[in-house]
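Below is one structure, written out as structure tokens, with a few remarks after it.
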Amino acid sequence: MLVVFAGIYLAALHTPPLLDDADASHAEAAAHMAETGDLVTLKENGIRYLEKPPLPYWIVAGLYKVVGENSYATHLPNALAVLACAWLAWLWCRKAWGDRAGLYAGIGTLTAIGPFFFTRFYIPEALLSFLLLLALYCFLSGLESRRSGYFYISWTALAFATLTKGLIAPVFFLAAAIPFLMLSGQWRRWRNLKPFTGPLLFLAIAAPWHILAGMRNPDQGHPVGNIPTLGNVHGFWYFYFLNEHVFRFLGTRYPHDYNRLPLSAYWLQHLVWLFPWSLFFPAALLIAWRTRHEWLQHFRKDGGQTVDFYLDNSIREDVASYVFRLKFRTRSAWLLGLFAGFTLLFFSLSTNQEYYTWPAWVPMIMLTVGMLAGIEEAGEARRTDLSSAARSEMRLHRAPGSGWVMGAHVVFTVVGVMVAAALGWGLWQSRDLPFVSDIGALLAHRAIGDYTLSMSHLFDLTGPSFAALRLPALLAAGAFLVGPAAGLILRLTRRNVAATLSVALTSAVFLIAAHIAFARFEPMLSSKQLATVILEKGSPQDEFVILGDQSDASSVVFYTHRFLGKPAMLVMERCSPHGNGSTLLWGSCYPDAPDIFLSHQQLAEQWGHGPRKWLFAQDTHRQAAMQLLQGQLVPVETIADKTLWTDRPLP
């Protein structure tokens, strides 16, 4: 597991540089903390950024103080959070389903597509997922062992999860824990949950930052133009608790800058994010359905055991230990299922992004591989001369399922051949095309989801752009051609563990290839090259101007903010009547906020006067810039879909 983690995650931390939009914007907030020591109020581009809790930024700010402000330090916490999820999945599944399931759960977490893709940029979902999983594990372990320490760890993890992503952490936890207690009959043991000292511990950890943030960012009497939604500018508590939690869920957040996926796409995308382990969903669901009566029987507090059950297992040396393991297994399945189910349902009703359901992915993998390991072990038990006691160990896995597992591997092989054929065709078609380092210049601009969806740029690939992806395409084609077929042969020869691990290794090679391809998109996704130009040819007295929102060129802002020592200027409509505007709108309304917004007329009046100005614009604003400053633009560099100009010739 550590070798796979190093090959997939650690090796990918240095490239590409920080990306525009959320990646560099969040990194900038962490850099502000590291440079000023202000651990309460986040700031981006000199403006208050009140949307997010602080824990992920505290961690990255601490790393910045140690290893410097770079992409490695920014993305390391995400990678370590995935490793922590894999470790906890291994620990939990090993205790509930056995050693084989533990191995599958750990390796499955590390090789699933979704966790990998959505740790390529700086978002808190991986850390949130680990903390919630830890809270759930300690909650269940405390109930089973009756040790109070587990409950205190659970409350602590829940508090840190709240400091990671906000109120959805306790909401998701309680939405799983309360039904679990009611259905299992363990609500009668509510005193064991530390219902008084536990919440006090939770508040002692989670409340101080919220209180301080509210005190340092109070309501303001400074009106915001003619925006009736804001009135006289509510402070942190209104903005954070209502606007960012309640109104975001209802889709009425201001400004409105989030999409809601179509329901069909929302549900089907999980087959992609959990691939290749989603191939085994049908087998797991079949076994869960056919053994539902056993799961219900062993779920209750008393275990629902009859005299016959104990007679059947009287040959065991320790029937009590067996019953304990059986209960822990069934209760794990219920708790993980309730948590994953509520998370998926919640975001199906709310505004959402592809990665919002991250916390449900590891529980879904755990449930799937737990069933998969049981199917394999049950089949092997029937083929060997085991004692009646050992056969009874497989009681819950006697339902047919091996055929579905074999079918999943056949599907994987067919998909592998199809993917290898498609990549091979692309390689053949691009065999005579030159390698172009700036892949962004060769992409179509189809604007799927108006680029507000994180995976939108995948739809911009064209034939010529494939020439820049030859190496990763060759690696991926080889993995999908050989891996699934070899795994199918292993499955047919009943070498189950090797067959399942071949799925993981195939995915691991694919993810390595995917990261190489991802790094080739650097000119499209990051503007660091333009930041380098400013650092090499500019001076600290210069001004950086963005025609558009700060997020359009956030990587330039991050890499130049120390050099320029001042916020970037934004040439844009501060907000529209429909609520669309800058992500920095709220923070810019505070009286002490720097005046970073320029109108087109102000830009035209200031252009060519005072300090040198560098103007950045994406293709969507390029024509507007050329019309506004016709004849006064000095081109400096163009990469992918963005251009950098200055207002006077460079020396």
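Residues in the structure tokens are numbered from 1 in each chain, the chains being A, B, ... in the order shown, and ligands are numbered from 1 in the order shown.
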
* To do: Give me the residues within 8 Å of A:Leu344 as JSON, numbers by chain, counting only C-alpha atoms and dropping any in the same chain fewer than 3 places off.
  => {"A": [340, 341, 347, 348, 357, 360]}

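Atom CA of A:Arg216 is positioned 21.3 Å from atom CA of A:Phe160.
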
* DSSP says helix (DSSP H, G or I) for which residues of stretch 591-651 of chain A? Put them as a PyMOL selection string? -> chain A and resi 600-606+619-628

* Asked: Quick one: residues within 8 Å of stretch 534-537 of chain A, only C-alpha atoms counted, chain neighbours fewer than 2 positions away excluded, as a PyMOL selection string?
  -> chain A and resi 530-532+539+560+563+614+650

Restricted to C-alpha atoms, what would the selected residues look like written as a PDB file, in the first residue's frame?
```
ATOM      1  CA  LEU A 530       3.082  34.437 -17.153  1.00  0.00           C
ATOM      2  CA  ALA A 531       3.982  35.018 -13.511  1.00  0.00           C
ATOM      3  CA  THR A 532       7.576  34.088 -14.351  1.00  0.00           C
ATOM      4  CA  SER A 539       9.798  45.605 -10.999  1.00  0.00           C
ATOM      5  CA  THR A 560       3.918  37.398  -7.744  1.00  0.00           C
ATOM      6  CA  PHE A 563       7.372  40.519  -5.516  1.00  0.00           C
ATOM      7  CA  TRP A 614       0.580  44.207 -16.788  1.00  0.00           C
ATOM      8  CA  LEU A 650       9.882  46.397 -22.338  1.00  0.00           C
TER       9      LEU A 650
END
```

* To do: Please measure the separation of atom CA of A:Met33 and atom CA of A:Val60, giving the value in Å to one decimal.
  => 9.2 Å

* Asked: Which value, in Å to one decimal, gives the distance between atom CA of A:Ala105 and atom CA of A:Phe412?
  -> 18.8 Å

* Considering only C-alpha atoms, state which residue in the set A:Thr583, A:Thr351, A:Ser129, A:Ser402 is at the smallest distance from A:Val246. => A:Thr351

Identify, on the basis of only C-alpha atoms, every residue whose closest approach to A:Glu522 does not exceed 8 Å; exclude the query and any residue fewer than 5 positions from it along the same chain; express the result as a PDB file with C-alpha atoms, in the first residue's frame.
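Listed below is the output, result-v5.pdb:
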```
ATOM      1  CA  PRO A  16       2.091  20.809 -12.283  1.00  0.00           C
ATOM      2  CA  PRO A  17       2.438  24.172 -10.483  1.00  0.00           C
ATOM      3  CA  LEU A  19      -3.603  25.937 -10.961  1.00  0.00           C
ATOM      4  CA  SER A 527      -0.627  30.784 -15.492  1.00  0.00           C
TER       5      SER A 527
END
```

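Considering the residues A:Trp358, A:Phe328, A:Phe173, A:Tyr64 and counting only C-alpha atoms, A:Glu144 has its shortest atom-to-atom contact with A:Phe328.
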
* Asked: Skipping near chain neighbours, those fewer than 4 positions away, what residues fall within 8 Å of A:Leu83 using only C-alpha atoms, listed as JSON, numbers by chain?
  -> {"A": [5, 79, 87, 110]}

* **DSSP strand (DSSP E or B) residues within stretch 403-613 of chain A, listed as a PyMOL selection string** => chain A and resi 543-547+569-571+575+581+597-598+613

Any chance you could export the current selection's N, CA and C atoms as a short mmCIF file (atom, residue, chain, number, x, y, z; two decimals), in the first residue's frame?
```cif
data_model
loop_
_atom_site.label_atom_id
_atom_site.label_comp_id
_atom_site.auth_asym_id
_atom_site.auth_seq_id
_atom_site.Cartn_x
_atom_site.Cartn_y
_atom_site.Cartn_z
N GLU A 543 2.15 47.19 -11.52
CA GLU A 543 0.81 46.80 -11.11
C GLU A 543 0.31 45.69 -12.02
N PHE A 544 -0.37 44.71 -11.43
CA PHE A 544 -0.93 43.60 -12.18
C PHE A 544 -2.45 43.79 -12.25
N VAL A 545 -2.99 43.73 -13.46
CA VAL A 545 -4.41 43.99 -13.70
C VAL A 545 -5.02 42.78 -14.39
N ILE A 546 -6.15 42.33 -13.90
CA ILE A 546 -6.86 41.19 -14.47
C ILE A 546 -8.15 41.68 -15.09
N LEU A 547 -8.32 41.41 -16.37
CA LEU A 547 -9.60 41.71 -17.02
C LEU A 547 -10.52 40.52 -16.77
N MET A 569 -5.43 44.28 -9.48
CA MET A 569 -6.63 45.05 -9.79
C MET A 569 -7.54 44.21 -10.68
N LEU A 570 -8.84 44.32 -10.47
CA LEU A 570 -9.81 43.56 -11.24
C LEU A 570 -10.67 44.50 -12.07
N VAL A 571 -10.68 44.27 -13.37
CA VAL A 571 -11.53 45.06 -14.27
C VAL A 571 -12.75 44.21 -14.57
N CYS A 575 -20.71 43.21 -9.48
CA CYS A 575 -21.79 42.24 -9.31
C CYS A 575 -22.88 42.58 -10.30
N GLY A 581 -20.97 37.56 -9.72
CA GLY A 581 -19.92 38.54 -9.57
C GLY A 581 -18.68 37.90 -8.98
N PHE A 597 -11.29 47.15 -7.57
CA PHE A 597 -12.16 47.05 -8.74
C PHE A 597 -12.03 48.29 -9.61
N LEU A 598 -11.83 48.07 -10.91
CA LEU A 598 -11.75 49.14 -11.89
C LEU A 598 -12.85 48.97 -12.92
N LYS A 613 2.01 48.74 -16.06
CA LYS A 613 0.87 47.86 -15.80
C LYS A 613 0.97 46.62 -16.68
#
```

* Find the residue from A:Leu183, A:Ala422, A:Leu345, A:Ala29 that sits nearest to A:Phe466; use only C-alpha atoms when measuring. => A:Ala422

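For the set A:Pro651, A:Pro540, A:Pro567, A:Pro255, the residue with the smallest atom-to-atom gap to A:Trp586 is A:Pro255, counting only C-alpha atoms.
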
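Minimum atom-to-atom distances from A:Leu615, A:Leu76, A:Ile107, A:Ala553 to A:Val503 were compared using only C-alpha atoms, and the lowest value belongs to A:Ile107.
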
* Asked: Which residue gives the smallest distance to A:Gly251 among A:Leu349, A:Ser502, A:Ala617, A:Leu488, with only C-alpha atoms counted?
  -> A:Leu349

* Asked: Near A:Ala84, within 7 Å and counting only C-alpha atoms, which residues show up once chain neighbours fewer than 4 positions away are dropped, as a PyMOL selection string?
  -> chain A and resi 80+88+130

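Residues in contact with A:Pro56 at up to 8 Å, not including ones fewer than 5 positions away on its chain and judged by only C-alpha atoms, are Pro124, Leu127 and Thr164 of chain A.
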
Emit the selected residues as a PDB file, in the first residue's frame, including N, CA and C atoms.
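Final file, result07.pdb:
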```
ATOM      1  N   PRO A 124     -10.653  20.761   0.554  1.00  0.00           N
ATOM      2  CA  PRO A 124     -10.559  20.087   1.854  1.00  0.00           C
ATOM      3  C   PRO A 124     -11.257  18.733   1.933  1.00  0.00           C
ATOM      4  N   LEU A 127      -9.356  15.597   3.571  1.00  0.00           N
ATOM      5  CA  LEU A 127      -9.198  15.730   5.019  1.00  0.00           C
ATOM      6  C   LEU A 127     -10.535  15.550   5.732  1.00  0.00           C
ATOM      7  N   THR A 164     -12.915  21.982   9.243  1.00  0.00           N
ATOM      8  CA  THR A 164     -12.433  21.697   7.886  1.00  0.00           C
ATOM      9  C   THR A 164     -13.446  22.093   6.823  1.00  0.00           C
TER      10      THR A 164
END
```
